[in-house]
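So this block is query_30.cif, mmCIF, C-alpha atoms (C1' of nucleotides):
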data_work
#
loop_
_atom_site.label_atom_id
_atom_site.label_comp_id
_atom_site.auth_asym_id
_atom_site.auth_seq_id
_atom_site.Cartn_x
_atom_site.Cartn_y
_atom_site.Cartn_z
CA MET A 1 127.06 -22.29 20.89
CA PRO A 2 128.31 -19.11 19.44
CA GLU A 3 128.38 -18.04 15.87
CA LEU A 4 129.56 -14.62 14.75
CA PRO A 5 126.60 -12.68 16.22
CA GLU A 6 127.07 -14.24 19.65
CA VAL A 7 130.82 -13.62 19.57
CA GLU A 8 130.26 -10.04 18.46
CA THR A 9 127.65 -9.53 21.19
CA THR A 10 130.18 -10.81 23.70
CA ARG A 11 132.85 -8.51 22.30
CA ARG A 12 130.62 -5.45 22.46
CA GLY A 13 129.60 -6.22 26.02
CA LEU A 14 133.11 -6.86 27.28
CA GLU A 15 135.06 -4.25 25.38
CA PRO A 16 134.19 -1.23 27.58
CA LEU A 17 134.87 -3.30 30.69
CA VAL A 18 138.32 -4.50 29.68
CA ARG A 19 139.80 -1.82 27.42
CA GLY A 20 142.58 0.05 29.19
CA ALA A 21 142.56 -2.29 32.18
CA THR A 22 145.66 -4.04 33.46
CA ILE A 23 145.68 -7.77 34.12
CA GLY A 24 146.34 -8.37 37.80
CA SER A 25 146.18 -12.14 37.90
CA VAL A 26 145.29 -15.11 35.77
CA VAL A 27 143.76 -18.41 36.86
CA VAL A 28 143.78 -21.47 34.62
CA ARG A 29 141.81 -24.34 36.16
CA ASN A 30 141.81 -26.64 33.18
CA ARG A 31 144.33 -26.48 30.37
CA ALA A 32 142.69 -29.20 28.30
CA MET A 33 140.90 -27.24 25.61
CA ARG A 34 140.87 -28.05 21.89
CA GLN A 35 144.54 -27.23 22.17
CA PRO A 36 146.26 -27.03 25.56
CA VAL A 37 146.14 -23.60 27.16
CA PRO A 38 149.76 -22.34 27.21
CA ARG A 39 151.46 -23.43 30.39
CA ASP A 40 153.03 -20.04 31.04
CA LEU A 41 149.96 -17.97 30.19
CA ALA A 42 149.71 -16.40 33.66
CA ARG A 43 153.32 -15.28 33.54
CA ILE A 44 152.86 -13.83 30.06
CA LEU A 45 149.63 -11.95 30.81
CA THR A 46 150.12 -10.64 34.33
CA GLY A 47 150.83 -6.93 34.35
CA ARG A 48 149.81 -6.43 30.72
CA ARG A 49 147.37 -3.73 29.68
CA ILE A 50 144.46 -4.67 27.41
CA ASP A 51 144.57 -2.17 24.57
CA ALA A 52 141.54 -3.36 22.65
CA LEU A 53 139.12 -6.25 22.23
CA GLU A 54 138.64 -7.16 18.61
CA ARG A 55 137.06 -10.01 16.66
CA ARG A 56 138.14 -11.96 13.61
CA GLY A 57 135.59 -14.52 12.49
CA LYS A 58 134.58 -16.27 15.69
CA TYR A 59 137.87 -15.52 17.43
CA LEU A 60 138.10 -12.84 20.13
CA LEU A 61 141.37 -10.92 20.21
CA PHE A 62 142.50 -9.26 23.44
CA ARG A 63 145.26 -6.98 22.19
CA ALA A 64 147.83 -6.62 24.94
CA GLY A 65 151.09 -4.88 24.10
CA ASP A 66 153.29 -6.88 21.77
CA GLY A 67 150.95 -9.86 21.73
CA THR A 68 147.33 -10.97 21.72
CA LEU A 69 145.25 -13.30 23.84
CA ILE A 70 143.15 -15.27 21.38
CA VAL A 71 139.92 -16.85 22.66
CA HIS A 72 137.55 -19.07 20.71
CA LEU A 73 134.30 -20.17 22.34
CA GLY A 74 133.93 -23.39 20.39
CA MET A 75 130.55 -25.04 20.67
CA SER A 76 129.67 -24.35 24.28
CA GLY A 77 131.88 -21.48 25.43
CA ARG A 78 130.78 -18.34 27.17
CA LEU A 79 132.84 -15.36 28.30
CA TRP A 80 131.46 -12.85 30.78
CA VAL A 81 132.34 -10.70 33.77
CA VAL A 82 131.95 -11.59 37.42
CA THR A 83 132.88 -9.74 40.59
CA PRO A 84 136.08 -10.76 42.41
CA GLY A 85 135.56 -13.67 44.76
CA THR A 86 132.71 -15.21 42.76
CA ALA A 87 133.13 -18.94 43.23
CA PRO A 88 133.89 -20.78 39.99
CA ALA A 89 131.44 -23.44 38.86
CA THR A 90 132.27 -26.66 37.08
CA HIS A 91 133.76 -25.92 33.65
CA ASP A 92 134.85 -22.40 34.60
CA HIS A 93 138.29 -23.02 33.16
CA PHE A 94 139.86 -19.60 32.98
CA ASP A 95 139.78 -16.22 34.81
CA LEU A 96 141.37 -12.90 33.99
CA ALA A 97 141.30 -10.63 37.05
CA LEU A 98 141.62 -6.96 36.05
CA ASP A 99 142.79 -4.04 38.16
CA ASN A 100 139.46 -2.27 37.57
CA GLY A 101 137.59 -4.81 39.67
CA HIS A 102 136.24 -6.97 36.86
CA VAL A 103 137.00 -10.65 36.48
CA VAL A 104 136.61 -12.01 32.95
CA ARG A 105 135.57 -15.67 33.19
CA LEU A 106 135.47 -18.42 30.56
CA ARG A 107 133.07 -21.33 30.92
CA ASP A 108 133.16 -24.09 28.31
CA PRO A 109 131.67 -27.48 29.24
CA ARG A 110 132.61 -29.24 26.00
CA ARG A 111 136.05 -27.65 25.83
CA PHE A 112 136.02 -27.26 22.05
CA GLY A 113 137.16 -23.70 22.65
CA LEU A 114 140.64 -22.25 22.59
CA VAL A 115 142.78 -19.93 24.69
CA LEU A 116 146.03 -19.00 22.96
CA TRP A 117 148.76 -16.43 23.15
CA GLN A 118 150.20 -15.01 19.96
CA ARG A 119 153.17 -12.70 19.95
CA GLY A 120 153.17 -10.09 17.20
CA ASP A 121 150.35 -9.93 14.68
CA PRO A 122 147.49 -12.23 15.79
CA LEU A 123 146.28 -12.54 12.20
CA ALA A 124 149.56 -14.26 11.42
CA HIS A 125 148.54 -17.17 13.63
CA LYS A 126 148.01 -20.32 11.64
CA LEU A 127 144.37 -20.60 12.69
CA LEU A 128 143.52 -17.02 11.72
CA ARG A 129 145.71 -16.64 8.68
CA ALA A 130 143.52 -18.82 6.48
CA ILE A 131 140.17 -17.31 7.45
CA GLY A 132 138.23 -15.74 4.61
CA PRO A 133 136.76 -12.25 4.38
CA GLU A 134 134.66 -10.80 7.17
CA PRO A 135 131.00 -10.87 6.08
CA PHE A 136 130.59 -7.11 6.58
CA SER A 137 133.76 -6.21 4.69
CA ASN A 138 133.89 -5.17 1.04
CA ALA A 139 136.02 -8.21 0.35
CA PHE A 140 132.97 -10.41 0.83
CA ASN A 141 130.98 -9.61 -2.27
CA ALA A 142 129.08 -11.32 -5.07
CA GLU A 143 132.12 -11.58 -7.34
CA TRP A 144 134.11 -13.28 -4.57
CA LEU A 145 131.28 -15.68 -3.78
CA TYR A 146 130.80 -16.50 -7.45
CA ARG A 147 134.48 -17.15 -8.05
CA GLU A 148 134.95 -19.18 -4.88
CA THR A 149 132.02 -21.45 -5.61
CA ARG A 150 132.87 -22.34 -9.23
CA SER A 151 134.92 -25.39 -8.29
CA ARG A 152 132.64 -26.59 -5.51
CA SER A 153 130.26 -29.42 -6.28
CA GLY A 154 129.14 -29.68 -2.66
CA ALA A 155 126.03 -28.08 -1.19
CA ILE A 156 125.90 -24.30 -1.01
CA LYS A 157 125.14 -24.51 2.69
CA ASN A 158 128.44 -26.27 3.33
CA ALA A 159 130.20 -23.65 1.21
CA ILE A 160 128.96 -20.66 3.19
CA MET A 161 129.80 -22.46 6.43
CA ASP A 162 133.39 -22.81 5.24
CA SER A 163 135.33 -20.15 7.13
CA HIS A 164 137.78 -19.89 4.24
CA LEU A 165 134.99 -18.62 2.00
CA VAL A 166 133.43 -16.24 4.53
CA ALA A 167 134.17 -15.88 8.22
CA GLY A 168 131.67 -16.45 10.98
CA VAL A 169 128.68 -18.19 9.35
CA GLY A 170 127.73 -21.21 11.44
CA ASN A 171 125.02 -23.79 11.24
CA ILE A 172 122.08 -21.67 12.37
CA TYR A 173 122.71 -18.58 10.29
CA ALA A 174 123.61 -20.61 7.21
CA SER A 175 120.08 -22.06 7.17
CA GLU A 176 118.54 -18.68 7.94
CA ALA A 177 120.47 -16.78 5.25
CA LEU A 178 119.62 -19.38 2.60
CA PHE A 179 115.95 -19.15 3.51
CA ARG A 180 116.01 -15.38 3.14
CA ALA A 181 117.66 -15.71 -0.25
CA GLY A 182 115.23 -18.43 -1.41
CA ILE A 183 118.09 -20.82 -2.13
CA ASN A 184 117.85 -24.56 -1.50
CA PRO A 185 120.61 -25.59 0.92
CA LYS A 186 121.37 -28.71 -1.17
CA LEU A 187 122.07 -26.70 -4.32
CA PRO A 188 125.56 -27.52 -5.63
CA ALA A 189 127.55 -24.36 -4.94
CA ARG A 190 128.88 -24.14 -8.50
CA ARG A 191 125.31 -23.86 -9.80
CA LEU A 192 124.73 -20.57 -8.00
CA GLY A 193 124.40 -17.87 -10.66
CA PRO A 194 125.62 -14.27 -10.40
CA ALA A 195 122.25 -12.84 -9.39
CA ARG A 196 121.81 -15.35 -6.61
CA CYS A 197 125.35 -14.62 -5.41
CA VAL A 198 124.31 -10.99 -5.02
CA ALA A 199 121.24 -12.08 -3.09
CA LEU A 200 123.11 -14.48 -0.83
CA VAL A 201 125.82 -11.97 0.11
CA GLU A 202 123.03 -9.60 1.04
CA THR A 203 121.08 -12.10 3.14
CA VAL A 204 124.17 -13.42 4.92
CA ARG A 205 124.95 -9.87 6.00
CA ALA A 206 121.36 -9.03 6.90
CA THR A 207 120.86 -12.22 8.90
CA LEU A 208 124.03 -11.68 10.91
CA ALA A 209 123.27 -7.98 11.40
CA ASP A 210 119.74 -8.70 12.62
CA ALA A 211 121.05 -11.32 15.03
CA ILE A 212 123.67 -8.93 16.41
CA ALA A 213 120.99 -6.26 16.85
CA ALA A 214 118.94 -8.80 18.83
CA GLY A 215 121.89 -9.58 21.09
CA GLY A 216 122.53 -12.96 19.49
CA SER A 217 120.56 -16.16 19.88
CA SER A 218 120.06 -17.87 23.21
CA LEU A 219 120.08 -21.58 22.60
CA ARG A 220 120.50 -23.61 25.75
CA ASP A 221 122.14 -21.18 28.16
CA TYR A 222 123.85 -18.70 25.91
CA VAL A 223 123.91 -15.25 27.50
CA ASN A 224 125.88 -12.13 26.74
CA SER A 225 128.69 -10.63 28.81
CA LYS A 226 126.20 -9.20 31.30
CA GLY A 227 124.39 -12.49 31.71
CA GLU A 228 121.49 -11.35 29.55
CA ALA A 229 119.84 -13.60 27.00
CA GLY A 230 119.73 -12.64 23.34
CA TYR A 231 116.42 -13.09 21.62
CA PHE A 232 117.17 -13.75 17.95
CA GLN A 233 116.11 -17.37 18.43
CA ASN A 234 112.57 -15.98 18.49
CA ASN A 235 113.17 -14.69 14.98
CA PHE A 236 114.32 -17.93 13.37
CA SER A 237 112.51 -18.54 10.12
CA VAL A 238 113.56 -22.15 9.62
CA TYR A 239 116.22 -23.20 12.15
CA ASP A 240 114.83 -25.82 14.55
CA ARG A 241 111.36 -25.39 12.99
CA ALA A 242 111.02 -28.77 11.23
CA GLY A 243 107.38 -29.78 10.99
CA LYS A 244 106.16 -26.25 11.60
CA PRO A 245 104.62 -24.02 8.92
CA CYS A 246 106.79 -21.69 6.89
CA LEU A 247 106.09 -18.16 8.07
CA THR A 248 105.99 -17.00 4.46
CA CYS A 249 103.94 -19.66 2.65
CA GLY A 250 102.69 -22.10 5.27
CA THR A 251 104.47 -25.12 3.78
CA THR A 252 105.87 -27.50 6.37
CA ILE A 253 109.53 -26.79 7.14
CA ARG A 254 111.81 -29.76 6.49
CA SER A 255 115.09 -30.84 7.98
CA LEU A 256 117.93 -32.89 6.56
CA VAL A 257 121.58 -33.51 7.26
CA LEU A 258 124.26 -31.82 5.15
CA GLY A 259 127.91 -32.16 6.00
CA GLN A 260 126.89 -33.93 9.20
CA ARG A 261 124.99 -30.84 10.34
CA SER A 262 121.26 -30.40 10.78
CA THR A 263 119.76 -28.21 8.10
CA PHE A 264 116.35 -26.59 7.83
CA TYR A 265 114.53 -25.18 4.83
CA CYS A 266 111.16 -24.50 3.27
CA PRO A 267 110.68 -26.83 0.27
CA ARG A 268 108.49 -24.27 -1.46
CA CYS A 269 110.29 -20.97 -0.79
CA GLN A 270 113.61 -22.72 -1.40
CA ALA A 271 112.58 -25.05 -4.19
CA ARG A 272 115.87 -24.78 -6.07
"C1'" DC B 273 120.36 -45.70 27.82
"C1'" DG B 274 121.21 -43.54 23.12
"C1'" DC B 275 121.10 -39.58 20.59
"C1'" DC B 276 121.70 -34.91 19.67
"C1'" DA B 277 123.91 -30.26 20.08
"C1'" DG B 278 125.72 -23.52 18.01
"C1'" DG B 279 132.83 -25.42 15.78
"C1'" DC B 280 136.45 -26.70 13.31
"C1'" DC B 281 140.79 -29.14 12.82
"C1'" DT B 282 143.05 -33.30 10.89
"C1'" DG B 283 143.74 -37.01 7.85
"C1'" DC B 284 142.45 -39.66 4.04
"C1'" DA B 285 140.72 -40.66 -0.76
"C1'" DC B 286 140.00 -38.89 -4.98
"C1'" DG B 287 140.19 -36.25 -9.38
"C1'" DC B 288 142.27 -32.88 -12.24
"C1'" DT C 289 153.47 -34.52 -8.27
"C1'" DG C 290 150.80 -31.31 -6.09
"C1'" DC C 291 146.72 -29.12 -5.00
"C1'" DG C 292 141.83 -28.46 -4.07
"C1'" DT C 293 137.78 -30.64 -2.64
"C1'" DG C 294 134.74 -33.73 -0.04
"C1'" DC C 295 134.00 -36.54 3.60
"C1'" DA C 296 134.51 -38.95 8.18
"C1'" DG C 297 136.29 -38.80 12.63
"C1'" DG C 298 137.56 -36.74 16.72
"C1'" DC C 299 137.63 -33.54 20.50
"C1'" DC C 300 134.03 -33.19 25.17
"C1'" DT C 301 129.82 -32.69 28.36
"C1'" DG C 302 124.95 -32.04 29.21
"C1'" DG C 303 120.15 -32.42 28.28
"C1'" DC C 304 116.25 -34.81 26.61
#
Representation of the structure as structure tokens:
Amino acid sequence: MPELPEVETTRRGLEPLVRGATIGSVVVRNRAMRQPVPRDLARILTGRRIDALERRGKYLLFRAGDGTLIVHLGMSGRLWVVTPGTAPATHDHFDLALDNGHVVRLRDPRRFGLVLWQRGDPLAHKLLRAIGPEPFSNAFNAEWLYRETRSRSGAIKNAIMDSHLVAGVGNIYASEALFRAGINPKLPARRLGPARCVALVETVRATLADAIAAGGSSLRDYVNSKGEAGYFQNNFSVYDRAGKPCLTCGTTIRSLVLGQRSTFYCPRCQAR
DNA sequence: CGCCAGGCCTGCACGC
DNA sequence: TGCGTGCAGGCCTGGC
């Protein structure tokens, strides 16, 4: 469910509740995530202080002394805070009980998410090492996008969803950013000129920033760390709007499949 | 019942 | 040969 804005919304909600707290106990109810949850995670975490909650791409990083608890929410994950004693529901796989009275709980029905422990620098972990620039960093710029797309014959939408090119852009925001830039999602990436690279960097950032400001998008049951729904889904220009009129020109929004993912665009505003 | 869903890794085929 | 790229498959459950 979560793309970068939803993960960032979660991080911002949780950070003040967990920073500086000490982990009192850990409950793992189901270790079978995308990778198995480490068997000795409770032993490792208990008694540790959470120094900071950071984000890299769609990964949440609980910095704790000489290591980091890495959490990825996959397709259906949600991380929020409950009060001690709150009965776990089905798919509540993981709890972190803090000494400040908060219990951080992970729910992930599809279990495409991850819970990992990394000693030392978390960015050295194999899964994080290869991730491309953060979309709001200077490293993600038009020159980078231009260079990185020269050898790619595949669709531009697939390119910007590649976490090695830019971190955090998922299926929804890829369609939205391309709409804002007036770029057809099927356009071969290598055919994107310098000017359109400038435009796309700008709209990727603006789309993600607007979604974060709205508290993320609430598709299905996505809620933030306080259980509140985001409302960016009300601001979608094209995502999930096939058959409806383009809000800019009135042309019927179309959908197609690119890279096995549903894609939405306006055939007039994004003619090429 | 079948189909679809917000992620992303792996393995394979292919071309330079 | 080695590397980058492109694609399919797989991991799971829930909702329509």
Handout entry: Interface, chain A side, toward chain B (9 Å; all atoms listed in the file) as an NGL selection string
Key = :A and (1-3 or 73-76 or 112-113 or 170-172 or 219)
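Every protein, DNA or RNA residue with an atom at most 7 Å from Arg78 (chain A), where all atoms listed in the file count and chain neighbours fewer than 3 positions away do not, is listed here: Leu73, Leu106, Arg107 and Asp108 of chain A.
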Ground truth for the PyMOL selection byres ((chain C) within 10 of (chain A)), written as a CSV table (one decimal) with C-alpha atoms (C1' of nucleotides), in the coordinates of the input:
chain,number,residue,atom,x,y,z
C,292,DG,C1',141.8,-28.5,-4.1
C,293,DT,C1',137.8,-30.6,-2.6
C,294,DG,C1',134.7,-33.7,0.0
C,295,DC,C1',134.0,-36.5,3.6
C,296,DA,C1',134.5,-39.0,8.2
C,299,DC,C1',137.6,-33.5,20.5
C,300,DC,C1',134.0,-33.2,25.2
C,301,DT,C1',129.8,-32.7,28.4
C,302,DG,C1',125.0,-32.0,29.2
C,303,DG,C1',120.2,-32.4,28.3
Exercise for the section: Specify as a PyMOL selection string each residue included when the PyMOL selection byres ((chain A and resi 165) around 9) is applied to this file. Expected result: chain A and resi 131-133+140+144-145+148-149+159-164+166-167
Report as JSON the centre and the edge lengths, in Å to one decimal, of the axis-aligned box holding every listed atom of region 74-87 of chain A, padded by 3 Å on each side.
{"center_x": 132.9, "center_y": -17.4, "center_z": 32.6, "size_x": 12.4, "size_y": 21.3, "size_z": 30.4}
Handout entry: Distance of CA of Ala21 (chain A) from CA of Phe136 (chain A), expressed in Å to one decimal place
Key =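 We find that CA of Phe136 (chain A) and CA of Ala21 (chain A) lie 28.7 Å from each other.
One distance worth recording is that between CA of Arg63 (chain A) and CA of Leu96 (chain A), which is 13.8 Å.
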Handout entry: Separation of CA of Asn184 (chain A) from CA of Ala130 (chain A) in Å
Key = 27.5 Å
Problem - Long-range neighbours of region 213-218 of chain A as a list in words, 6 Å cut-off, only C-alpha atoms (C1' of nucleotides), 6 positions minimum in chain - result: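 The contact residues come out as Pro5, Glu6, Thr9, Ala229, Gly230, Tyr231, Phe232 and Gln233 of chain A.
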Problem - Chain and number of each residue from the PyMOL selection byres ((chain A and resi 67) around 12), as a ChimeraX atom specification - result: /A:41,44-45,48-52,61-66,68-70,116-125
Rebuild region 81-92 of chain A so that it carries all heavy atoms, then output the result as a PDB file, in the coordinates of the input.
ATOM      1  N   VAL A  81     131.646 -11.368  32.671  1.00  0.00           N
ATOM      2  CA  VAL A  81     132.340 -10.700  33.770  1.00  0.00           C
ATOM      3  C   VAL A  81     131.655 -11.029  35.081  1.00  0.00           C
ATOM      4  O   VAL A  81     130.428 -11.002  35.179  1.00  0.00           O
ATOM      5  CB  VAL A  81     132.357  -9.176  33.518  1.00  0.00           C
ATOM      6  CG1 VAL A  81     132.639  -8.424  34.807  1.00  0.00           C
ATOM      7  CG2 VAL A  81     133.401  -8.828  32.464  1.00  0.00           C
ATOM      8  N   VAL A  82     132.480 -11.364  36.072  1.00  0.00           N
ATOM      9  CA  VAL A  82     131.950 -11.590  37.420  1.00  0.00           C
ATOM     10  C   VAL A  82     132.709 -10.651  38.378  1.00  0.00           C
ATOM     11  O   VAL A  82     133.717 -10.050  38.009  1.00  0.00           O
ATOM     12  CB  VAL A  82     132.133 -13.061  37.879  1.00  0.00           C
ATOM     13  CG1 VAL A  82     131.344 -13.987  36.983  1.00  0.00           C
ATOM     14  CG2 VAL A  82     133.609 -13.455  37.903  1.00  0.00           C
ATOM     15  N   THR A  83     132.189 -10.547  39.593  1.00  0.00           N
ATOM     16  CA  THR A  83     132.880  -9.740  40.590  1.00  0.00           C
ATOM     17  C   THR A  83     133.929 -10.600  41.278  1.00  0.00           C
ATOM     18  O   THR A  83     133.766 -11.828  41.369  1.00  0.00           O
ATOM     19  CB  THR A  83     131.900  -9.183  41.638  1.00  0.00           C
ATOM     20  OG1 THR A  83     131.180 -10.280  42.207  1.00  0.00           O
ATOM     21  CG2 THR A  83     130.920  -8.207  40.987  1.00  0.00           C
ATOM     22  N   PRO A  84     135.020  -9.972  41.761  1.00  0.00           N
ATOM     23  CA  PRO A  84     136.080 -10.760  42.410  1.00  0.00           C
ATOM     24  C   PRO A  84     135.527 -11.584  43.558  1.00  0.00           C
ATOM     25  O   PRO A  84     134.645 -11.141  44.285  1.00  0.00           O
ATOM     26  CB  PRO A  84     137.045  -9.679  42.927  1.00  0.00           C
ATOM     27  CG  PRO A  84     136.812  -8.514  42.036  1.00  0.00           C
ATOM     28  CD  PRO A  84     135.351  -8.546  41.687  1.00  0.00           C
ATOM     29  N   GLY A  85     135.993 -12.802  43.673  1.00  0.00           N
ATOM     30  CA  GLY A  85     135.560 -13.670  44.760  1.00  0.00           C
ATOM     31  C   GLY A  85     134.396 -14.569  44.388  1.00  0.00           C
ATOM     32  O   GLY A  85     134.039 -15.465  45.152  1.00  0.00           O
ATOM     33  N   THR A  86     133.799 -14.337  43.196  1.00  0.00           N
ATOM     34  CA  THR A  86     132.710 -15.210  42.760  1.00  0.00           C
ATOM     35  C   THR A  86     133.240 -16.623  42.568  1.00  0.00           C
ATOM     36  O   THR A  86     134.206 -16.839  41.827  1.00  0.00           O
ATOM     37  CB  THR A  86     132.109 -14.702  41.427  1.00  0.00           C
ATOM     38  OG1 THR A  86     131.691 -13.351  41.582  1.00  0.00           O
ATOM     39  CG2 THR A  86     130.936 -15.564  41.011  1.00  0.00           C
ATOM     40  N   ALA A  87     132.624 -17.573  43.276  1.00  0.00           N
ATOM     41  CA  ALA A  87     133.130 -18.940  43.230  1.00  0.00           C
ATOM     42  C   ALA A  87     132.975 -19.523  41.837  1.00  0.00           C
ATOM     43  O   ALA A  87     131.917 -19.368  41.216  1.00  0.00           O
ATOM     44  CB  ALA A  87     132.364 -19.802  44.243  1.00  0.00           C
ATOM     45  N   PRO A  88     134.010 -20.154  41.307  1.00  0.00           N
ATOM     46  CA  PRO A  88     133.890 -20.780  39.990  1.00  0.00           C
ATOM     47  C   PRO A  88     133.014 -22.013  40.048  1.00  0.00           C
ATOM     48  O   PRO A  88     133.020 -22.753  41.028  1.00  0.00           O
ATOM     49  CB  PRO A  88     135.334 -21.160  39.655  1.00  0.00           C
ATOM     50  CG  PRO A  88     136.010 -21.305  40.978  1.00  0.00           C
ATOM     51  CD  PRO A  88     135.341 -20.336  41.909  1.00  0.00           C
ATOM     52  N   ALA A  89     132.253 -22.232  38.976  1.00  0.00           N
ATOM     53  CA  ALA A  89     131.440 -23.440  38.860  1.00  0.00           C
ATOM     54  C   ALA A  89     132.223 -24.466  38.045  1.00  0.00           C
ATOM     55  O   ALA A  89     133.308 -24.178  37.532  1.00  0.00           O
ATOM     56  CB  ALA A  89     130.118 -23.104  38.182  1.00  0.00           C
ATOM     57  N   THR A  90     131.669 -25.659  37.944  1.00  0.00           N
ATOM     58  CA  THR A  90     132.270 -26.660  37.080  1.00  0.00           C
ATOM     59  C   THR A  90     132.406 -26.076  35.662  1.00  0.00           C
ATOM     60  O   THR A  90     131.521 -25.361  35.210  1.00  0.00           O
ATOM     61  CB  THR A  90     131.330 -27.892  36.979  1.00  0.00           C
ATOM     62  OG1 THR A  90     130.805 -28.150  38.267  1.00  0.00           O
ATOM     63  CG2 THR A  90     132.060 -29.104  36.457  1.00  0.00           C
ATOM     64  N   HIS A  91     133.506 -26.365  35.016  1.00  0.00           N
ATOM     65  CA  HIS A  91     133.760 -25.920  33.650  1.00  0.00           C
ATOM     66  C   HIS A  91     134.097 -24.435  33.532  1.00  0.00           C
ATOM     67  O   HIS A  91     134.137 -23.908  32.432  1.00  0.00           O
ATOM     68  CB  HIS A  91     132.576 -26.228  32.715  1.00  0.00           C
ATOM     69  CG  HIS A  91     132.106 -27.653  32.821  1.00  0.00           C
ATOM     70  ND1 HIS A  91     132.964 -28.725  32.698  1.00  0.00           N
ATOM     71  CD2 HIS A  91     130.887 -28.177  33.067  1.00  0.00           C
ATOM     72  CE1 HIS A  91     132.269 -29.842  32.855  1.00  0.00           C
ATOM     73  NE2 HIS A  91     131.018 -29.534  33.067  1.00  0.00           N
ATOM     74  N   ASP A  92     134.308 -23.760  34.659  1.00  0.00           N
ATOM     75  CA  ASP A  92     134.850 -22.400  34.600  1.00  0.00           C
ATOM     76  C   ASP A  92     136.365 -22.554  34.553  1.00  0.00           C
ATOM     77  O   ASP A  92     137.035 -22.640  35.574  1.00  0.00           O
ATOM     78  CB  ASP A  92     134.420 -21.571  35.817  1.00  0.00           C
ATOM     79  CG  ASP A  92     132.954 -21.177  35.741  1.00  0.00           C
ATOM     80  OD1 ASP A  92     132.343 -21.400  34.678  1.00  0.00           O
ATOM     81  OD2 ASP A  92     132.430 -20.648  36.730  1.00  0.00           O
TER      82      ASP A  92
END
